[in-house]
Amino acid sequence: MSDGTATTTTDLDVRLEKHRVELTGYCYRMLGSSFEAEDAVQDTMVRAWRSYEKFEGRSSLRSWLYRIATNVCLDMLTAGNKRARPMDLTESTPLAQAALSPRPDHTWLEPMPDSRVLPTVEDPAEAAVAKETVRLAFMAALQQLPPKQRAVLILREVLAWKASEVAELLGTTVASVNSALQRARATLAEQQQPGSDAAASDPLDDEQQKLLERYVAAFEGYDMTALTALLHEDAIMTMPPFDLWLTGVEDITGFMTTLGAPCAGSRLVPVQVNGLPGFAQYKPDPDKGGFSPWAVQVLEISEGRITGFHCFLDTQRWFPLFGLPLRLEAEADQVEEGV
C-alpha cells in the first residue's frame, strides 16, 4: 500500500468516525437495543469503507451513511421482533402475587448511555429533542411502528430531514413519505405511554438535583419513609429481564423490604442514561466484602416526584457499556462516572 493510499484510508476512517455517535443514536431508536445498534453502526462503517470507491458524491457523506444504516436496520428488523418494557407485555402484578419470571434478552428495550447516542450540539432545542427521543417511553412508542414508518418518523421528526431527502434515502416518493409520517403520528397519538410525561432539565435544575440527592440518601439508607415521600402515588417499578412490574408506593416499598431486602446498604453511582438521570447500583457483597454490581437504574421524574423507577439487572452487559467497574471496595463510596 502506497503512502498516498494509507493517508486516504486514514482520512476516510476519520471522516466516517465523526458520524458514529449520531448514527448509533439513529440505529438505537430504530432497533431498541444498545448492542444491536452498535453492531448496526459497525456494519454500516464496514460497508461504507468497502464501497467508498462507488460513492459518487451525489449526496453528502452523512446522507449516504444514513442510507446504509437504514438498510442495515431494516434488514435486522425483518424478523419482526419488537423490543418492549414489562408494562408493554403484562398487567401490573400485586405484591402478594409477585414472581420473578425472566424473559429472553431480545424481549427487552435496552438502556443506553447518553454519551454513545447524543452528539454534542450547540442548539439547546436540538439537544432537547435528541434527549426526549431516546427516553424509554418514546423508544417504547417507536417499537409499535412498522420499520419503514419508524425510519420516516425518526428522520423527519427527530433529525429534521426534509420529506424530499427522506424520499431519496428510502427510494420512494414525497407523497409516500408524508403518508407514512401521518400514519406514524396517528399511531403514537393513540398511545399513552407510561413515562411519556417524564422531564429532566439539561442541566438538572435545583429542584431536580435536590430530588436526586434525597433519593440517593433514601435508597442508600434504605429509608422507606423517605423514599415514599419522593415517589408519585402511581409510580412504576420495572426490573428487566423479569416481566414483573409494580405500581404504587405501597407495593414498591413492600417489594424492596421483602424480595428486594438484600439491596439494603447499596451504593449508587450517577450515570446519564436515555436522556434521564440514573444510577449504577452496587449491592453489598456478603461473601467478598465491598459491593458488587446489581442494576442500572433509570429514573423518570415529573412535577417534583419520581414516576418511574426502572432497574436493568443484567450487569455483566450494562456496566461495561457504561464504563463502570464490576466491583466497589468497601472504603470507596464513590467512583467516577464512566465515559
# chains A, B, ... in the order shown; residues from 1 in each chain; ligands from 1
>>> residues_around(residues="Asp223 of chain A", least_positions_apart="5", cutoff="10 Å", atoms="only C-alpha atoms", output="ChimeraX atom specification")
/A:215,217-218,228,253,257,264
>>> residues_around(residues="Trp318 of chain A", least_positions_apart="5", cutoff="9 Å", atoms="only C-alpha atoms", output="MDAnalysis selection string")
chainID A and resid 111:112 295:296 312:313 323:324
>>> closest_residue(among="A:Leu142, A:Val129, A:Ala330, A:Leu211", to="Arg267 of chain A", atoms="only C-alpha atoms")
A:Ala330
>>> atom_distance(atom1="atom CA of Leu321 of chain A", atom2="atom CA of Gln281 of chain A")
14.5 Å
>>> select_by_dssp(residues="segment 154-288 of chain A", states="strand (DSSP E)", output="ChimeraX atom specification")
/A:231-239,242-247,267-273,276-284
>>> write_last_selection(atoms="C-alpha atoms", output="mmCIF file, in the first residue's frame")
data_model
loop_
_atom_site.group_PDB
_atom_site.id
_atom_site.type_symbol
_atom_site.label_atom_id
_atom_site.label_comp_id
_atom_site.auth_asym_id
_atom_site.auth_seq_id
_atom_site.Cartn_x
_atom_site.Cartn_y
_atom_site.Cartn_z
ATOM 1 C CA LEU A 231 -42.373 8.616 44.795
ATOM 2 C CA HIS A 232 -45.525 9.575 42.907
ATOM 3 C CA GLU A 233 -48.546 7.653 44.187
ATOM 4 C CA ASP A 234 -48.794 5.876 40.803
ATOM 5 C CA ALA A 235 -45.044 5.321 40.389
ATOM 6 C CA ILE A 236 -43.963 2.295 38.351
ATOM 7 C CA MET A 237 -41.053 -0.056 39.096
ATOM 8 C CA THR A 238 -39.684 -2.464 36.478
ATOM 9 C CA MET A 239 -36.810 -4.958 36.596
ATOM 10 C CA PHE A 242 -38.053 -10.089 34.808
ATOM 11 C CA ASP A 243 -41.504 -9.335 33.419
ATOM 12 C CA LEU A 244 -42.812 -8.365 36.854
ATOM 13 C CA TRP A 245 -43.714 -4.710 37.255
ATOM 14 C CA LEU A 246 -45.192 -2.965 40.242
ATOM 15 C CA THR A 247 -47.296 0.166 40.520
ATOM 16 C CA ARG A 267 -24.205 2.390 46.894
ATOM 17 C CA LEU A 268 -25.363 4.488 43.949
ATOM 18 C CA VAL A 269 -23.108 5.998 41.255
ATOM 19 C CA PRO A 270 -24.645 8.646 38.921
ATOM 20 C CA VAL A 271 -24.977 7.862 35.210
ATOM 21 C CA GLN A 272 -26.624 9.672 32.308
ATOM 22 C CA VAL A 273 -28.898 7.186 30.580
ATOM 23 C CA LEU A 276 -32.668 10.919 32.015
ATOM 24 C CA PRO A 277 -30.861 10.798 35.357
ATOM 25 C CA GLY A 278 -29.886 7.349 36.519
ATOM 26 C CA PHE A 279 -27.634 5.396 38.829
ATOM 27 C CA ALA A 280 -25.474 2.320 38.803
ATOM 28 C CA GLN A 281 -26.460 0.335 41.879
ATOM 29 C CA TYR A 282 -23.844 -1.697 43.727
ATOM 30 C CA LYS A 283 -25.198 -4.163 46.285
ATOM 31 C CA PRO A 284 -23.275 -5.291 49.395
#
>>> residues_around(residues="Leu170 of chain A", least_positions_apart="3", cutoff="8 Å", atoms="only C-alpha atoms", output="compact mmCIF listing (two decimals) with N, CA and C atoms, in the first residue's frame")
# COMPACT_ATOMS: atom_id res chain seq x y z
N ARG A 67 -28.29 6.27 4.63
CA ARG A 67 -28.94 5.31 3.73
C ARG A 67 -28.47 3.90 4.04
N VAL A 166 -35.79 12.38 2.72
CA VAL A 166 -36.18 11.04 3.20
C VAL A 166 -36.63 10.18 2.03
N ALA A 167 -37.37 10.77 1.10
CA ALA A 167 -37.83 10.03 -0.08
C ALA A 167 -36.65 9.51 -0.88
>>> select_by_dssp(residues="segment 139-219 of chain A", states="helix (DSSP H, G or I)", output="NGL selection string")
:A and (139-142 or 147-158 or 163-170 or 174-190 or 206-219)
>>> closest_residue(among="A:Cys27, A:Glu22, A:Val72, A:Phe291", to="Thr44 of chain A", atoms="only C-alpha atoms")
A:Val72
>>> closest_residue(among="A:Ala128, A:Leu109, A:Ile154, A:Ala226", to="Thr70 of chain A", atoms="only C-alpha atoms")
A:Ile154
>>> residues_around(residues="Glu38 of chain A", least_positions_apart="4", cutoff="10 Å", atoms="only C-alpha atoms", output="PyMOL selection string")
chain A and resi 20-21+23-25+27-28+33-34+42-44+116-117
>>> closest_residue(among="A:Glu91, A:Glu110, A:Asp39, A:Glu250", to="Ala229 of chain A", atoms="only C-alpha atoms")
A:Glu250
>>> atom_distance(atom1="atom CA of Leu31 of chain A", atom2="atom CA of Ala180 of chain A")
18.3 Å
>>> closest_residue(among="A:Asn71, A:Ser302, A:Ser115, A:Gln208", to="Lys131 of chain A", atoms="only C-alpha atoms")
A:Ser115
>>> closest_residue(among="A:Glu329, A:Glu303, A:Asp13, A:Asp314", to="Gly290 of chain A", atoms="only C-alpha atoms")
A:Glu329
>>> decode(residues="segment 35-55 of chain A", atoms="N, CA, C and O atoms", output="PDB file, in the first residue's frame")
ATOM      1  N   PHE A  35     -26.800  -2.990  22.014  1.00  0.00           N
ATOM      2  CA  PHE A  35     -25.746  -3.771  21.361  1.00  0.00           C
ATOM      3  C   PHE A  35     -26.045  -3.987  19.888  1.00  0.00           C
ATOM      4  O   PHE A  35     -25.135  -3.957  19.053  1.00  0.00           O
ATOM      5  N   GLU A  36     -27.323  -4.181  19.541  1.00  0.00           N
ATOM      6  CA  GLU A  36     -27.663  -4.294  18.119  1.00  0.00           C
ATOM      7  C   GLU A  36     -27.390  -2.979  17.392  1.00  0.00           C
ATOM      8  O   GLU A  36     -26.969  -2.978  16.238  1.00  0.00           O
ATOM      9  N   ALA A  37     -27.626  -1.858  18.066  1.00  0.00           N
ATOM     10  CA  ALA A  37     -27.351  -0.553  17.460  1.00  0.00           C
ATOM     11  C   ALA A  37     -25.864  -0.410  17.157  1.00  0.00           C
ATOM     12  O   ALA A  37     -25.475   0.033  16.063  1.00  0.00           O
ATOM     13  N   GLU A  38     -25.032  -0.786  18.101  1.00  0.00           N
ATOM     14  CA  GLU A  38     -23.585  -0.666  17.875  1.00  0.00           C
ATOM     15  C   GLU A  38     -23.119  -1.629  16.786  1.00  0.00           C
ATOM     16  O   GLU A  38     -22.254  -1.298  15.978  1.00  0.00           O
ATOM     17  N   ASP A  39     -23.727  -2.825  16.742  1.00  0.00           N
ATOM     18  CA  ASP A  39     -23.408  -3.764  15.662  1.00  0.00           C
ATOM     19  C   ASP A  39     -23.835  -3.191  14.311  1.00  0.00           C
ATOM     20  O   ASP A  39     -23.109  -3.333  13.314  1.00  0.00           O
ATOM     21  N   ALA A  40     -25.014  -2.568  14.276  1.00  0.00           N
ATOM     22  CA  ALA A  40     -25.517  -1.999  13.018  1.00  0.00           C
ATOM     23  C   ALA A  40     -24.604  -0.883  12.522  1.00  0.00           C
ATOM     24  O   ALA A  40     -24.339  -0.770  11.316  1.00  0.00           O
ATOM     25  N   VAL A  41     -24.128  -0.053  13.437  1.00  0.00           N
ATOM     26  CA  VAL A  41     -23.234   1.037  13.041  1.00  0.00           C
ATOM     27  C   VAL A  41     -21.903   0.480  12.546  1.00  0.00           C
ATOM     28  O   VAL A  41     -21.343   0.965  11.554  1.00  0.00           O
ATOM     29  N   GLN A  42     -21.395  -0.540  13.223  1.00  0.00           N
ATOM     30  CA  GLN A  42     -20.136  -1.140  12.776  1.00  0.00           C
ATOM     31  C   GLN A  42     -20.305  -1.730  11.381  1.00  0.00           C
ATOM     32  O   GLN A  42     -19.429  -1.576  10.512  1.00  0.00           O
ATOM     33  N   ASP A  43     -21.435  -2.386  11.133  1.00  0.00           N
ATOM     34  CA  ASP A  43     -21.723  -2.940   9.803  1.00  0.00           C
ATOM     35  C   ASP A  43     -21.810  -1.815   8.778  1.00  0.00           C
ATOM     36  O   ASP A  43     -21.294  -1.919   7.657  1.00  0.00           O
ATOM     37  N   THR A  44     -22.449  -0.700   9.170  1.00  0.00           N
ATOM     38  CA  THR A  44     -22.556   0.460   8.284  1.00  0.00           C
ATOM     39  C   THR A  44     -21.177   0.987   7.912  1.00  0.00           C
ATOM     40  O   THR A  44     -20.898   1.276   6.734  1.00  0.00           O
ATOM     41  N   MET A  45     -20.300   1.116   8.904  1.00  0.00           N
ATOM     42  CA  MET A  45     -18.949   1.629   8.650  1.00  0.00           C
ATOM     43  C   MET A  45     -18.165   0.699   7.720  1.00  0.00           C
ATOM     44  O   MET A  45     -17.463   1.150   6.809  1.00  0.00           O
ATOM     45  N   VAL A  46     -18.288  -0.596   7.941  1.00  0.00           N
ATOM     46  CA  VAL A  46     -17.568  -1.561   7.101  1.00  0.00           C
ATOM     47  C   VAL A  46     -18.088  -1.497   5.668  1.00  0.00           C
ATOM     48  O   VAL A  46     -17.303  -1.478   4.702  1.00  0.00           O
ATOM     49  N   ARG A  47     -19.413  -1.439   5.508  1.00  0.00           N
ATOM     50  CA  ARG A  47     -19.981  -1.345   4.159  1.00  0.00           C
ATOM     51  C   ARG A  47     -19.549  -0.054   3.472  1.00  0.00           C
ATOM     52  O   ARG A  47     -19.242  -0.057   2.269  1.00  0.00           O
ATOM     53  N   ALA A  48     -19.542   1.034   4.212  1.00  0.00           N
ATOM     54  CA  ALA A  48     -19.140   2.317   3.628  1.00  0.00           C
ATOM     55  C   ALA A  48     -17.675   2.281   3.211  1.00  0.00           C
ATOM     56  O   ALA A  48     -17.311   2.752   2.128  1.00  0.00           O
ATOM     57  N   TRP A  49     -16.859   1.724   4.061  1.00  0.00           N
ATOM     58  CA  TRP A  49     -15.419   1.663   3.769  1.00  0.00           C
ATOM     59  C   TRP A  49     -15.162   0.832   2.524  1.00  0.00           C
ATOM     60  O   TRP A  49     -14.392   1.212   1.648  1.00  0.00           O
ATOM     61  N   ARG A  50     -15.871  -0.310   2.429  1.00  0.00           N
ATOM     62  CA  ARG A  50     -15.642  -1.220   1.295  1.00  0.00           C
ATOM     63  C   ARG A  50     -16.170  -0.660  -0.018  1.00  0.00           C
ATOM     64  O   ARG A  50     -15.622  -0.956  -1.084  1.00  0.00           O
ATOM     65  N   SER A  51     -17.242   0.122   0.040  1.00  0.00           N
ATOM     66  CA  SER A  51     -17.869   0.594  -1.204  1.00  0.00           C
ATOM     67  C   SER A  51     -17.614   2.072  -1.459  1.00  0.00           C
ATOM     68  O   SER A  51     -18.262   2.667  -2.328  1.00  0.00           O
ATOM     69  N   TYR A  52     -16.663   2.656  -0.754  1.00  0.00           N
ATOM     70  CA  TYR A  52     -16.455   4.098  -0.869  1.00  0.00           C
ATOM     71  C   TYR A  52     -16.072   4.503  -2.288  1.00  0.00           C
ATOM     72  O   TYR A  52     -16.445   5.589  -2.762  1.00  0.00           O
ATOM     73  N   GLU A  53     -15.342   3.634  -2.995  1.00  0.00           N
ATOM     74  CA  GLU A  53     -14.933   3.977  -4.357  1.00  0.00           C
ATOM     75  C   GLU A  53     -16.138   4.166  -5.274  1.00  0.00           C
ATOM     76  O   GLU A  53     -16.063   4.862  -6.277  1.00  0.00           O
ATOM     77  N   LYS A  54     -17.290   3.531  -4.907  1.00  0.00           N
ATOM     78  CA  LYS A  54     -18.509   3.663  -5.719  1.00  0.00           C
ATOM     79  C   LYS A  54     -19.345   4.879  -5.306  1.00  0.00           C
ATOM     80  O   LYS A  54     -20.308   5.222  -5.980  1.00  0.00           O
ATOM     81  N   PHE A  55     -18.976   5.498  -4.184  1.00  0.00           N
ATOM     82  CA  PHE A  55     -19.701   6.683  -3.718  1.00  0.00           C
ATOM     83  C   PHE A  55     -19.360   7.846  -4.635  1.00  0.00           C
ATOM     84  O   PHE A  55     -18.219   8.288  -4.718  1.00  0.00           O
TER      85      PHE A  55
END
